[in-house]
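Worksheet: the structure to be examined is printed underneath.
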Amino acid sequence: MSLSTVILGPELLEARFRPLEEALPASEALTEAERCYYCHAAPCVAACPTDIDIPGFIRAIAVGQPARAAERILQANPLGGACARVCPVETLCEQFCVRQGEEGGPVRIGLLQRLSMAQASPDLFPAATTVVRAQKIAVVGAGPAGLTGAHLLAREGFAVDLFEAQAQAGGLNESGIAAYKMLDDAAQREVAHLLAGDRIRVRCGMALGRDITLAQLRSDYDAVFLALGLQGQHRLRIPGEDLAGVFPAVPFIAWMRRGEPVPVGQRVAVIGGGMTAMDIAVQIRLLGAEEVHLCYRRGPEAMGASAREQRLARDQGVRIHHYRRPLRIEGEGGDCVAIWLQPTVLQGGRCVDQGQPLRWAVDQVFTAIGQCFNPEVWGEDGASPRLDAHGRIAVDESFRTSLPGVWAGGDCVGRSADLTVHAVADAKRAVRSIRAALREDATMLAGDRRHDT
């Protein structure tokens, strides 16, 4: 197996990854901001899952107040920095910009947001209440949904214990997103902003089902917010998947982000069509792979990765192949040496096999076909919330689970696309519901006390 070992250190980041960073020079920001029509009932705001006042923050840039722009963003989205870097804005806010069909295209909202968030600091967040509430809340998972939930609950005056299984907070923003999207320690700087203050106690290395149980949390806290993310990786379920040289993409990206040594092949196949598939394909190419082939079983219109992500991959030399279904991975001496792919064609909305299987010589294969919720996370101690038909935690419109006093949000719920911005939106709605429920409980308790008197 011809794999080399590479460490994604500072020099490599600057030399190979920094050039991919997309940023709007300050000298162009004013001109771009002035292209905005500052629409009333702006369609871009309606398209933003977190309801950022997009015309408002762009106007602040136009009048030379970038810090005020950051403040407007943070009023709606506590993870405005991460979202500016990873949101597929071309399918969200920018797609609905009224300048979409005009010369110059839509206003570059994402880049303007990123420029604004460079001014962000903890003192720009909306002021927290001075009221100190007696209730304690447990938040499980310190990814985007958990961080947002903990931050908003603390602002409401609640004491929050934030439990995280990993050694540091951040979730996929820290460990599962391409390094070229989160340069300059962006994820951890944002975590520090969100967790500032003394109302949140962070407890890393504490895994649900191993170190703590849901039954214990329900007993010790007035409310529990589950922001567990997705722990499992979908498997191809084909022969050869367990050969050396075959890797699930998300853990591999995490190794890179932590600066651990990673093996890099010369001829690489990536199976999948979403953002993670593009992230691993681009990164492995930048780390020195001679050929990277990304194979997807359907056509380009069905790919989860945005058109921009696909263009970026092609620009870096990644070869994207559609209508290729993996059949098996061939091994020799325990190492993968080739992958067999079945050409398919779309008929009646379904992909059907057509033609003879293809054999490609490869020395490394990445699987990026999605993640799944692991129900074993509950352990064996007490009741667990009901799961939906897709195997994720079932919630109602207020993000309540089937268990009293337990809410859930983010990827572990799966009510929307697995994006940072949707995790933030979930957490905002869950926090409103938790706050209302605890206030109702407090009111009822006070009424009971008056009645007893």
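Scheme for the structure tokens: letters A, B, ... for chains in order shown; per-chain residue numbers from 1; ligand numbers from 1 in order shown.
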* To do: If you run DSSP over the backbone, which residues in range 266-308 of chain A end up strand (DSSP E or B)? Put them as a PyMOL selection string.
  => chain A and resi 267-271+291-296
Pull the closest atom pair for each residue of range 215-309 of chain A that gets at most 6 Å from range 132-150 of chain A, along with the distance in Å to one decimal, counting only C-alpha atoms, ordering rows by chain and then ascending residue number, as CSV.
```
residue,atom,partner,partner_atom,distance
A:Tyr221,CA,A:Lys136,CA,5.4
A:Asp222,CA,A:Lys136,CA,5.6
A:Ala223,CA,A:Ile137,CA,5.0
A:Val224,CA,A:Ala138,CA,4.8
A:Phe225,CA,A:Val139,CA,4.7
A:Leu226,CA,A:Val140,CA,5.0
A:Ala227,CA,A:Gly141,CA,4.9
A:Leu228,CA,A:Gly141,CA,4.9
```
* **Nearby residues (only C-alpha atoms) at most 7 Å from Ile7 in chain A, same-chain spacing under 4 positions excluded, as a list in words** =>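 Selected residues are Gly259, Glu260, Pro261 and Val262 of chain A.
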The selected residues should be written to file as an mmCIF file, in the first residue's frame (atoms: C-alpha atoms).
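Saved result, again09.cif, follows:
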```
data_model
loop_
_atom_site.group_PDB
_atom_site.id
_atom_site.type_symbol
_atom_site.label_atom_id
_atom_site.label_comp_id
_atom_site.auth_asym_id
_atom_site.auth_seq_id
_atom_site.Cartn_x
_atom_site.Cartn_y
_atom_site.Cartn_z
ATOM 1 C CA GLY A 259 -3.059 17.749 13.860
ATOM 2 C CA GLU A 260 -2.643 13.987 14.040
ATOM 3 C CA PRO A 261 -0.634 12.065 11.405
ATOM 4 C CA VAL A 262 -2.884 10.822 8.603
#
```
* **Selection: 8 Å around Pro126 in chain A, only C-alpha atoms, excl. self and same-chain fewer than 2 positions, as a list in words** => Glu71, Leu74, Gln75, Asp123, Leu124 and Ala128 of chain A
* **DSSP helix (DSSP H, G or I) selection over range 330-409 of chain A, as a list of chain:residue names** =>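 DSSP-assigned helix (DSSP H, G or I) residues in range 330-409 of chain A: A:Pro375, A:Glu376, A:Val377, A:Trp378.
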Considering only C-alpha atoms, tabulate each residue of range 112-212 of chain A that lies at most 12 Å from range 50-54 of chain A along with its nearest interatomic pair and the corresponding distance in Å to one decimal; arrange the rows by chain and ascending residue number and present them as JSON lines.
```
{"residue": "A:Leu112", "atom": "CA", "partner": "A:Ile54", "partner_atom": "CA", "distance": 9.7}
{"residue": "A:Gln113", "atom": "CA", "partner": "A:Ile54", "partner_atom": "CA", "distance": 8.7}
{"residue": "A:Ser116", "atom": "CA", "partner": "A:Ile54", "partner_atom": "CA", "distance": 11.5}
{"residue": "A:Thr148", "atom": "CA", "partner": "A:Thr50", "partner_atom": "CA", "distance": 11.5}
```
Please report, as a Markdown table, each residue of range 332-372 of chain A lying at most 10 Å from range 283-293 of chain A, together with the nearest pair of atoms and the separation in Å rounded to one decimal; use only C-alpha atoms, and order rows by chain and ascending residue number.
```
| residue | atom | partner | partner_atom | distance |
| --- | --- | --- | --- | --- |
| A:Trp360 | CA | A:His293 | CA | 9.7 |
| A:Val362 | CA | A:Glu291 | CA | 9.1 |
| A:Gln364 | CA | A:Val292 | CA | 9.5 |
| A:Val365 | CA | A:His293 | CA | 9.5 |
| A:Phe366 | CA | A:Ile284 | CA | 9.9 |
```
Output N, CA and C atoms for every residue in that selection, as a PDB file, in the first residue's frame.
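Below is the file part25.pdb, written as the result:
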```pdb
ATOM      1  N   TRP A 360     -11.321   0.198 -10.900  1.00  0.00           N
ATOM      2  CA  TRP A 360     -10.352   1.275 -10.806  1.00  0.00           C
ATOM      3  C   TRP A 360      -9.312   0.910  -9.763  1.00  0.00           C
ATOM      4  N   VAL A 362      -6.988   1.716  -6.890  1.00  0.00           N
ATOM      5  CA  VAL A 362      -6.901   2.762  -5.863  1.00  0.00           C
ATOM      6  C   VAL A 362      -6.109   2.207  -4.684  1.00  0.00           C
ATOM      7  N   GLN A 364      -6.593   4.033  -1.620  1.00  0.00           N
ATOM      8  CA  GLN A 364      -7.302   4.612  -0.484  1.00  0.00           C
ATOM      9  C   GLN A 364      -8.747   4.907  -0.904  1.00  0.00           C
ATOM     10  N   VAL A 365      -9.677   4.627   0.001  1.00  0.00           N
ATOM     11  CA  VAL A 365     -11.098   4.864  -0.251  1.00  0.00           C
ATOM     12  C   VAL A 365     -11.692   5.568   0.959  1.00  0.00           C
ATOM     13  N   PHE A 366     -12.476   6.608   0.706  1.00  0.00           N
ATOM     14  CA  PHE A 366     -13.202   7.300   1.767  1.00  0.00           C
ATOM     15  C   PHE A 366     -14.699   7.134   1.555  1.00  0.00           C
TER      16      PHE A 366
END
```
* Write out as a PyMOL selection string each polymer residue whose atoms come within 12 Å of range 375-391 of chain A, counting only C-alpha atoms; drop sequence neighbours fewer than 4 positions from it. => chain A and resi 140-141+165+207-219+224-226+228-232+371+395-396+399-408+411-415
